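Engineer: Structure file query-v3.tsv (TSV, C-alpha atoms) right here:
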chain	number	residue	atom	x	y	z
F	525	MET	CA	-9.95	-112.69	29.78
F	526	PHE	CA	-10.77	-111.21	33.18
F	527	LYS	CA	-12.72	-113.77	35.18
F	528	LYS	CA	-11.75	-112.82	38.72
F	529	ILE	CA	-11.06	-109.27	39.83
F	530	VAL	CA	-9.67	-108.28	43.22
F	531	VAL	CA	-10.29	-104.67	44.24
F	532	GLY	CA	-8.33	-103.04	47.05
F	533	LEU	CA	-10.31	-100.42	48.96
F	534	ASP	CA	-9.01	-97.95	51.49
F	535	GLY	CA	-11.95	-95.58	51.76
F	536	SER	CA	-10.39	-92.98	49.49
F	537	GLU	CA	-12.09	-91.41	46.49
F	538	ALA	CA	-9.52	-92.97	44.19
F	539	SER	CA	-10.31	-96.45	45.46
F	540	GLU	CA	-14.04	-95.83	45.01
F	541	LYS	CA	-13.33	-94.80	41.45
F	542	ALA	CA	-11.26	-97.96	41.04
F	543	LEU	CA	-14.19	-100.00	42.30
F	544	ARG	CA	-16.59	-98.44	39.81
F	545	ILE	CA	-14.20	-99.22	36.98
F	546	ALA	CA	-13.81	-102.76	38.26
F	547	CYS	CA	-17.60	-103.13	38.26
F	548	ASP	CA	-17.77	-102.00	34.65
F	549	LEU	CA	-15.07	-104.49	33.68
F	550	ALA	CA	-16.80	-107.21	35.70
F	551	GLN	CA	-20.00	-106.55	33.84
F	552	LYS	CA	-18.36	-106.62	30.41
F	553	TYR	CA	-16.29	-109.73	31.17
F	554	GLY	CA	-18.75	-111.57	33.38
F	555	ALA	CA	-16.12	-111.56	36.11
F	556	LYS	CA	-16.45	-112.24	39.83
F	557	MET	CA	-15.29	-109.47	42.16
F	558	HIS	CA	-13.59	-109.69	45.53
F	559	ILE	CA	-13.13	-106.65	47.75
F	560	VAL	CA	-10.18	-106.37	50.11
F	561	HIS	CA	-9.79	-103.79	52.84
F	562	THR	CA	-6.97	-103.59	55.35
F	563	PRO	CA	-7.84	-100.93	57.91
F	564	GLN	CA	-5.04	-98.58	58.78
F	565	VAL	CA	-4.94	-95.81	61.37
F	566	GLU	CA	-5.08	-93.24	58.55
F	567	THR	CA	-8.34	-94.73	57.21
F	568	LEU	CA	-9.92	-94.32	60.61
F	569	ALA	CA	-8.64	-90.78	60.92
F	570	VAL	CA	-10.21	-89.75	57.62
F	571	TYR	CA	-13.50	-91.39	58.48
F	572	MET	CA	-13.51	-89.64	61.83
F	573	GLY	CA	-12.85	-86.36	60.06
F	574	ALA	CA	-9.74	-85.91	62.14
F	575	GLY	CA	-7.83	-84.76	59.06
F	576	GLY	CA	-5.24	-87.43	59.45
F	577	ALA	CA	-3.99	-86.45	62.88
F	578	VAL	CA	-4.71	-89.15	65.38
F	579	SER	CA	-3.47	-88.40	68.86
F	580	VAL	CA	-4.83	-91.49	70.56
F	581	THR	CA	-4.09	-94.86	69.03
F	582	PRO	CA	-7.43	-96.43	68.10
F	583	SER	CA	-8.28	-99.87	69.34
F	584	GLN	CA	-8.42	-102.81	66.99
F	585	ASN	CA	-12.20	-102.83	67.45
F	586	GLU	CA	-12.48	-99.20	66.35
F	587	LEU	CA	-10.33	-99.90	63.31
F	588	ASP	CA	-12.40	-102.94	62.40
F	589	ALA	CA	-15.66	-101.02	62.81
F	590	VAL	CA	-14.51	-98.36	60.38
F	591	GLY	CA	-13.12	-101.07	58.12
F	592	ALA	CA	-16.50	-102.76	58.04
F	593	GLN	CA	-18.03	-99.44	56.98
F	594	VAL	CA	-15.55	-99.09	54.14
F	595	ILE	CA	-16.47	-102.54	52.90
F	596	GLU	CA	-20.19	-101.91	53.29
F	597	ASN	CA	-19.79	-98.71	51.31
F	598	GLY	CA	-17.96	-100.70	48.64
F	599	CYS	CA	-20.76	-103.24	48.37
F	600	ALA	CA	-23.28	-100.41	48.05
F	601	ILE	CA	-21.29	-98.92	45.18
F	602	ALA	CA	-21.13	-102.31	43.49
F	603	LYS	CA	-24.89	-102.68	43.85
F	604	GLU	CA	-25.35	-99.21	42.33
F	605	CYS	CA	-23.32	-100.45	39.37
F	606	GLY	CA	-25.51	-103.51	39.05
F	607	GLN	CA	-22.81	-105.86	40.29
F	608	LYS	CA	-22.59	-108.29	43.17
F	609	VAL	CA	-19.46	-108.73	45.23
F	610	ALA	CA	-18.53	-112.40	45.41
F	611	LYS	CA	-16.58	-112.06	48.63
F	612	THR	CA	-15.35	-109.32	50.95
F	613	HIS	CA	-12.17	-109.52	52.98
F	614	LEU	CA	-11.39	-107.41	56.02
F	615	ILE	CA	-7.82	-108.32	56.85
F	616	HIS	CA	-5.06	-107.02	59.08
F	617	GLY	CA	-1.55	-106.38	57.92
F	618	ASN	CA	0.14	-104.58	55.06
F	619	PRO	CA	-2.47	-103.44	52.52
F	620	ALA	CA	-0.41	-104.34	49.46
F	621	ASP	CA	0.52	-107.77	50.80
F	622	GLN	CA	-3.10	-108.52	51.69
F	623	VAL	CA	-4.34	-107.53	48.24
F	624	LEU	CA	-1.66	-109.73	46.69
F	625	GLN	CA	-2.45	-112.63	49.01
F	626	CYS	CA	-6.15	-112.43	48.23
F	627	ALA	CA	-5.41	-112.30	44.51
F	628	GLU	CA	-3.29	-115.41	44.80
F	629	ASP	CA	-5.77	-117.26	47.01
F	630	CYS	CA	-8.71	-116.71	44.69
F	631	GLY	CA	-6.76	-117.03	41.44
F	632	ALA	CA	-7.40	-113.47	40.33
F	633	ASP	CA	-6.43	-112.43	36.82
F	634	LEU	CA	-6.78	-108.73	37.55
F	635	ILE	CA	-6.12	-106.50	40.55
F	636	VAL	CA	-7.58	-102.98	40.61
F	637	THR	CA	-6.74	-100.23	43.08
F	638	GLY	CA	-6.61	-96.46	43.24
F	639	ARG	CA	-3.15	-95.19	42.41
F	640	ARG	CA	-2.88	-92.97	45.44
F	641	GLY	CA	-5.11	-93.51	48.40
F	642	LEU	CA	-5.10	-91.85	51.74
F	643	GLY	CA	-1.35	-91.74	51.65
F	644	SER	CA	-1.16	-88.01	51.12
F	645	ILE	CA	-2.17	-87.76	54.74
F	646	SER	CA	0.38	-88.67	57.40
F	647	GLY	CA	3.35	-90.86	56.85
F	648	LEU	CA	2.37	-93.13	53.97
F	649	LEU	CA	4.35	-92.48	50.83
F	650	GLN	CA	2.15	-91.56	47.93
F	651	GLY	CA	1.17	-94.63	46.05
F	652	SER	CA	3.30	-96.97	48.14
F	653	THR	CA	0.62	-99.65	48.08
F	654	SER	CA	0.02	-99.49	44.34
F	655	GLN	CA	3.79	-99.50	43.75
F	656	ARG	CA	4.23	-102.64	45.83
F	657	VAL	CA	1.26	-104.38	44.22
F	658	SER	CA	2.56	-103.52	40.77
F	659	HIS	CA	5.98	-104.86	41.64
F	660	LEU	CA	4.83	-108.21	43.04
F	661	ALA	CA	1.50	-109.03	41.36
F	662	LYS	CA	1.39	-112.27	39.40
F	663	CYS	CA	-1.47	-111.03	37.28
F	664	ALA	CA	-2.52	-107.90	35.41
F	665	TYR	CA	-2.77	-104.80	37.55
F	666	LEU	CA	-4.85	-101.70	36.91
F	667	SER	CA	-4.15	-98.53	38.86
F	668	VAL	CA	-6.78	-95.82	38.69
F	669	ALA	CA	-5.97	-92.12	38.96
Z	192	MET	CA	-14.82	-95.49	29.83
Z	193	PHE	CA	-11.71	-96.61	27.99
Z	194	LYS	CA	-12.39	-94.80	24.75
Z	195	LYS	CA	-8.73	-94.19	23.91
Z	196	ILE	CA	-6.06	-96.72	24.75
Z	197	VAL	CA	-2.33	-96.11	24.37
Z	198	VAL	CA	-0.13	-99.22	24.24
Z	199	GLY	CA	3.64	-99.05	24.73
Z	200	LEU	CA	5.57	-101.55	22.62
Z	201	ASP	CA	9.22	-102.55	22.89
Z	202	GLY	CA	9.30	-105.79	20.96
Z	203	SER	CA	9.12	-107.94	24.09
Z	204	ASP	CA	6.63	-110.74	24.74
Z	205	HIS	CA	5.19	-108.80	27.66
Z	206	ALA	CA	4.42	-105.87	25.39
Z	207	GLU	CA	2.78	-108.16	22.86
Z	208	ASN	CA	0.60	-109.59	25.66
Z	209	ALA	CA	-0.24	-106.03	26.63
Z	210	LEU	CA	-1.35	-105.34	23.09
Z	211	ARG	CA	-3.56	-108.43	23.00
Z	212	VAL	CA	-5.19	-107.32	26.23
Z	213	ALA	CA	-5.63	-103.85	24.74
Z	214	CYS	CA	-7.35	-105.35	21.71
Z	215	ASP	CA	-9.70	-107.36	23.90
Z	216	ILE	CA	-10.60	-104.33	25.99
Z	217	GLY	CA	-10.79	-102.25	22.84
Z	218	GLN	CA	-13.29	-104.64	21.36
Z	219	LYS	CA	-15.52	-104.53	24.45
Z	220	TYR	CA	-15.32	-100.76	24.81
Z	221	ASN	CA	-15.08	-99.85	21.14
Z	222	SER	CA	-11.86	-97.96	21.80
Z	223	GLU	CA	-9.25	-96.32	19.66
Z	224	ILE	CA	-5.87	-98.03	20.00
Z	225	HIS	CA	-2.64	-96.06	19.69
Z	226	LEU	CA	0.73	-97.80	19.52
Z	227	VAL	CA	3.93	-96.17	20.77
Z	228	TYR	CA	7.44	-97.47	20.20
Z	229	THR	CA	10.45	-95.61	21.57
Z	230	ALA	CA	13.85	-96.69	20.35
Z	231	HIS	CA	16.35	-97.70	23.03
Z	232	PRO	CA	19.66	-99.38	22.15
Z	233	GLU	CA	18.54	-102.68	23.70
Z	234	THR	CA	15.18	-102.81	21.97
Z	235	VAL	CA	16.63	-101.77	18.62
Z	236	GLY	CA	19.28	-104.47	18.92
Z	237	PHE	CA	16.67	-107.07	19.73
Z	238	ALA	CA	14.30	-106.00	16.97
Z	239	VAL	CA	16.91	-106.07	14.21
Z	240	GLY	CA	18.10	-109.45	15.43
Z	241	ALA	CA	21.53	-108.37	16.55
Z	242	VAL	CA	23.64	-110.80	18.53
Z	243	ALA	CA	23.55	-110.87	22.33
Z	244	GLY	CA	26.65	-108.76	22.63
Z	245	PHE	CA	24.79	-105.79	21.25
Z	246	HIS	CA	22.56	-105.67	24.30
Z	247	ALA	CA	25.39	-104.59	26.49
Z	248	ALA	CA	26.43	-102.04	23.94
Z	249	SER	CA	26.91	-98.44	24.79
Z	250	THR	CA	27.00	-97.76	21.07
Z	251	MET	CA	23.85	-96.11	19.86
Z	252	PRO	CA	22.44	-97.90	16.84
Z	253	THR	CA	22.49	-96.11	13.49
Z	254	ALA	CA	19.52	-94.05	12.40
Z	255	ALA	CA	18.75	-96.69	9.79
Z	256	GLU	CA	18.74	-99.45	12.42
Z	257	VAL	CA	16.48	-97.38	14.68
Z	258	LYS	CA	14.03	-96.80	11.84
Z	259	ALA	CA	14.10	-100.47	10.85
Z	260	ALA	CA	13.51	-101.58	14.43
Z	261	GLY	CA	10.61	-99.20	14.89
Z	262	GLU	CA	8.96	-100.24	11.68
Z	263	LYS	CA	9.39	-103.90	12.55
Z	264	VAL	CA	7.93	-103.58	16.05
Z	265	LEU	CA	5.02	-101.41	14.95
Z	266	ALA	CA	4.27	-103.68	12.00
Z	267	ALA	CA	4.24	-106.68	14.34
Z	268	GLY	CA	1.88	-104.71	16.55
Z	269	ALA	CA	-0.47	-103.93	13.70
Z	270	ALA	CA	-0.45	-107.61	12.72
Z	271	ILE	CA	-1.39	-108.68	16.24
Z	272	ALA	CA	-4.20	-106.14	16.30
Z	273	LYS	CA	-5.49	-107.49	12.99
Z	274	GLU	CA	-5.31	-111.06	14.38
Z	275	CYS	CA	-7.50	-109.87	17.26
Z	276	GLY	CA	-9.96	-108.28	14.88
Z	277	GLN	CA	-9.01	-104.77	15.89
Z	278	LYS	CA	-7.66	-101.81	13.99
Z	279	THR	CA	-4.97	-99.55	15.37
Z	280	THR	CA	-5.81	-95.88	15.10
Z	281	GLU	CA	-2.29	-94.50	15.06
Z	282	SER	CA	1.28	-95.71	15.42
Z	283	HIS	CA	4.01	-93.55	16.86
Z	284	MET	CA	7.73	-94.11	16.55
Z	285	GLU	CA	9.61	-91.96	19.04
Z	286	THR	CA	13.02	-91.36	20.50
Z	287	GLY	CA	13.91	-90.40	24.03
Z	288	ASN	CA	12.66	-91.93	27.24
Z	289	ALA	CA	10.07	-94.64	26.64
Z	290	ALA	CA	7.86	-93.75	29.60
Z	291	ASP	CA	7.89	-90.04	28.78
Z	292	GLN	CA	6.94	-90.74	25.15
Z	293	ILE	CA	4.07	-92.98	26.20
Z	294	LEU	CA	2.86	-90.29	28.59
Z	295	ALA	CA	3.21	-87.57	25.95
Z	296	CYS	CA	1.21	-89.65	23.48
Z	297	ALA	CA	-1.46	-90.30	26.10
Z	298	ASP	CA	-1.68	-86.58	26.80
Z	299	ALA	CA	-1.77	-85.65	23.12
Z	300	CYS	CA	-4.57	-88.03	22.21
Z	301	GLY	CA	-6.52	-87.72	25.46
Z	302	ALA	CA	-6.10	-91.35	26.44
Z	303	ASP	CA	-8.11	-92.73	29.32
Z	304	LEU	CA	-6.06	-95.93	29.58
Z	305	ILE	CA	-2.39	-96.78	29.11
Z	306	ILE	CA	-1.39	-100.43	28.80
Z	307	THR	CA	2.17	-101.72	28.97
Z	308	GLY	CA	3.97	-104.93	29.74
Z	309	ARG	CA	5.07	-104.86	33.34
Z	310	ARG	CA	8.61	-105.76	32.43
Z	311	GLY	CA	9.91	-105.40	28.93
Z	312	MET	CA	13.35	-105.83	27.59
Z	313	GLY	CA	14.73	-104.84	30.96
Z	314	ALA	CA	16.05	-108.31	31.74
Z	315	ILE	CA	18.58	-107.66	29.01
Z	316	GLY	CA	20.96	-104.76	29.16
Z	317	SER	CA	20.97	-101.95	31.58
Z	318	LEU	CA	17.29	-101.10	31.88
Z	319	LEU	CA	15.96	-101.66	35.38
Z	320	LEU	CA	13.17	-104.22	35.58
Z	321	GLY	CA	9.88	-102.49	35.01
Z	322	SER	CA	11.32	-99.00	35.05
Z	323	THR	CA	9.09	-97.86	32.20
Z	324	SER	CA	5.83	-99.23	33.59
Z	325	GLN	CA	6.73	-97.79	37.01
Z	326	ARG	CA	7.43	-94.34	35.63
Z	327	VAL	CA	4.27	-94.39	33.53
Z	328	ALA	CA	2.17	-95.41	36.54
Z	329	HIS	CA	3.80	-92.72	38.63
Z	330	LEU	CA	3.11	-89.84	36.25
Z	331	ALA	CA	0.08	-90.85	34.22
Z	332	LYS	CA	-3.06	-88.79	34.48
Z	333	CYS	CA	-5.25	-91.71	33.48
Z	334	ALA	CA	-5.68	-95.37	34.40
Z	335	CYS	CA	-2.67	-97.64	33.80
Z	336	LEU	CA	-2.80	-101.36	33.23
Z	337	SER	CA	0.40	-103.36	33.49
Z	338	VAL	CA	0.34	-106.85	32.00
Z	339	ILE	CA	2.64	-109.77	32.76
Is it possible to express this structure as C-alpha cells?
Structural biologist:
Amino acid sequence: MFKKIVVGLDGSEASEKALRIACDLAQKYGAKMHIVHTPQVETLAVYMGAGGAVSVTPSQNELDAVGAQVIENGCAIAKECGQKVAKTHLIHGNPADQVLQCAEDCGADLIVTGRRGLGSISGLLQGSTSQRVSHLAKCAYLSVA
Amino acid sequence: MFKKIVVGLDGSDHAENALRVACDIGQKYNSEIHLVYTAHPETVGFAVGAVAGFHAASTMPTAAEVKAAGEKVLAAGAAIAKECGQKTTESHMETGNAADQILACADACGADLIITGRRGMGAIGSLLLGSTSQRVAHLAKCACLSVI
C-alpha cells in the first residue's frame, strides 16, 4: 500500500515525531522514504536559540547551513529507527508547496508531517503548512500531533 | 503505535477507501478498528437511495430514515472489514457534527490514529469540501490520516 513516503521536516519536535512514525510505516510496508526540508527564517531562529525573534535577516547561506543540519538530524533519526533515507531534498520556497512537489515528482503514496511545526513562533499560522498539504495532496496524508 | 484506529464513515467512496487503508494498517499493527457514522441530511439521503433532489433538502430525514442509513453504512463498513480479513471492534452511530463525533469517539476509546476520506459527500449538498477531515485534523489529539 505505502511504497513511497515523503516526510516534511522543519526541525520541530512534531516533525521529528512524524519522521519516527514514517520510519515505522516504512519498515512495515517496505517503503522508500524521502525527506524534504524548506528552510525558513523561523527554523534558523529556533536553531540559534533566538526564541523566534530574528532582528537581522539571515543570509541564504546561513539558512542553508541550518537546513542542512535539520536534514542531517533527520537522517540520524532514520538510522536510529533502522531505516535508510532514499533521498533528501533541501529546497527553497513555500514548505507546503515543496512537500507537494516532491511527492508528485517521486510518485509518493503517502506524505507525513507534523501537524504544527515552528509556526507557534512568529507569524506563521498554526498548522498552515499541514493545512495546505492536506488540501492539495494527491495522495494519502498523515499529520502527526 | 496505531493500536486503536477510529474510522469516520459517511457512505462515500472516499470513506470506504479510508476504511480499506485502516484495515491494512490494522493488520500490520494488530489494531482495534472503530467505525463512526454521523447522520447528516445529505449522507442519509444518499444511503437510503433517495433521489438527487433530496441532497439539496433542508428537510431533516425521519428518525427511521436516519437509523436505516446508519445501519446500512455501518453494515457496509463491517463487510469491507471482513473482506480485508479484519474485524471491527465497535461501531458507533451518532448524530450531530460528524467531526466532533469522530473526535469524541477517538477520545473515548483512546485512539492513536483517526482515518477519514479527505472529501466525503461534500460535493453534494451544502457541506464544504473536506470540512470534516479539516476539522478533525485541526482538533485531534492523535495522528490523522486523510485518504483520497
Engineer: Determine, using all atoms listed in the file, which residues of chain F have any atom at most 8 Å from an atom of chain Z, and tabulate each with its shortest atom pair and distance in Å to one decimal place, rows ordered by chain and then rising number, as CSV.
Structural biologist:
residue,atom,partner,partner_atom,distance
F:Met525,CA,Z:Asp215,CA,7.9
F:Lys552,CA,Z:Lys219,CA,6.9
F:Arg639,CA,Z:Ala328,CA,7.9
F:Gln655,CA,Z:Gln325,CA,7.5
F:Ser658,CA,Z:Ser337,CA,7.6
F:Lys662,CA,Z:Ile339,CA,7.2
F:Cys663,CA,Z:Ile339,CA,6.2
F:Ala664,CA,Z:Val338,CA,4.6
F:Tyr665,CA,Z:Ser337,CA,5.3
F:Leu666,CA,Z:Leu336,CA,4.2
F:Ser667,CA,Z:Cys335,CA,5.3
F:Val668,CA,Z:Ala334,CA,4.5
F:Ala669,CA,Z:Cys333,CA,5.5
Engineer: Return the single residue from F:Leu543, F:Ile529, F:Val580, F:Val565 that is closest to Leu634 (chain F), with distances computed using all atoms listed in the file.
Structural biologist: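 Of F:Leu543, F:Ile529, F:Val580, F:Val565, the one nearest Leu634 (chain F) is F:Ile529, counting all atoms listed in the file.
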Engineer: Between CA of Phe237 (chain Z) and CA of His225 (chain Z), measure the distance and give it in Å to one decimal.
Structural biologist: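 Answer for the CA of Phe237 (chain Z) to CA of His225 (chain Z) separation: 22.2 Å.
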Engineer: Out of Z:Ala230, Z:Cys300, Z:Leu210, Z:Ile196, which residue has the shortest atom-to-atom distance to Ala267 (chain Z) when counting all atoms listed in the file?
Structural biologist: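 So, comparing all the options, the nearest one is Z:Leu210.
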Engineer: Around the point (-19.7, -116.4, 46.0), in the coordinates given by the file, pick out the residues reaching within 10 Å, counting only C-alpha atoms, and return them as a PDB file with C-alpha atoms, in the frame of the given file.
Structural biologist:
ATOM      1  CA  LYS F 556     -16.450-112.240  39.830  1.00  0.00           C
ATOM      2  CA  MET F 557     -15.290-109.470  42.160  1.00  0.00           C
ATOM      3  CA  HIS F 558     -13.590-109.690  45.530  1.00  0.00           C
ATOM      4  CA  LYS F 608     -22.590-108.290  43.170  1.00  0.00           C
ATOM      5  CA  VAL F 609     -19.460-108.730  45.230  1.00  0.00           C
ATOM      6  CA  ALA F 610     -18.530-112.400  45.410  1.00  0.00           C
ATOM      7  CA  LYS F 611     -16.580-112.060  48.630  1.00  0.00           C
ATOM      8  CA  THR F 612     -15.350-109.320  50.950  1.00  0.00           C
TER       9      THR F 612
END
Engineer: List as a PyMOL selection string the protein and nucleic acid residues near Ala538 (chain F), meaning an atom at most 9 Å away when all atoms listed in the file are counted, but skip any in the same chain fewer than 3 places from it.
Structural biologist: chain F and resi 533-535+541-543+637-642+668-669
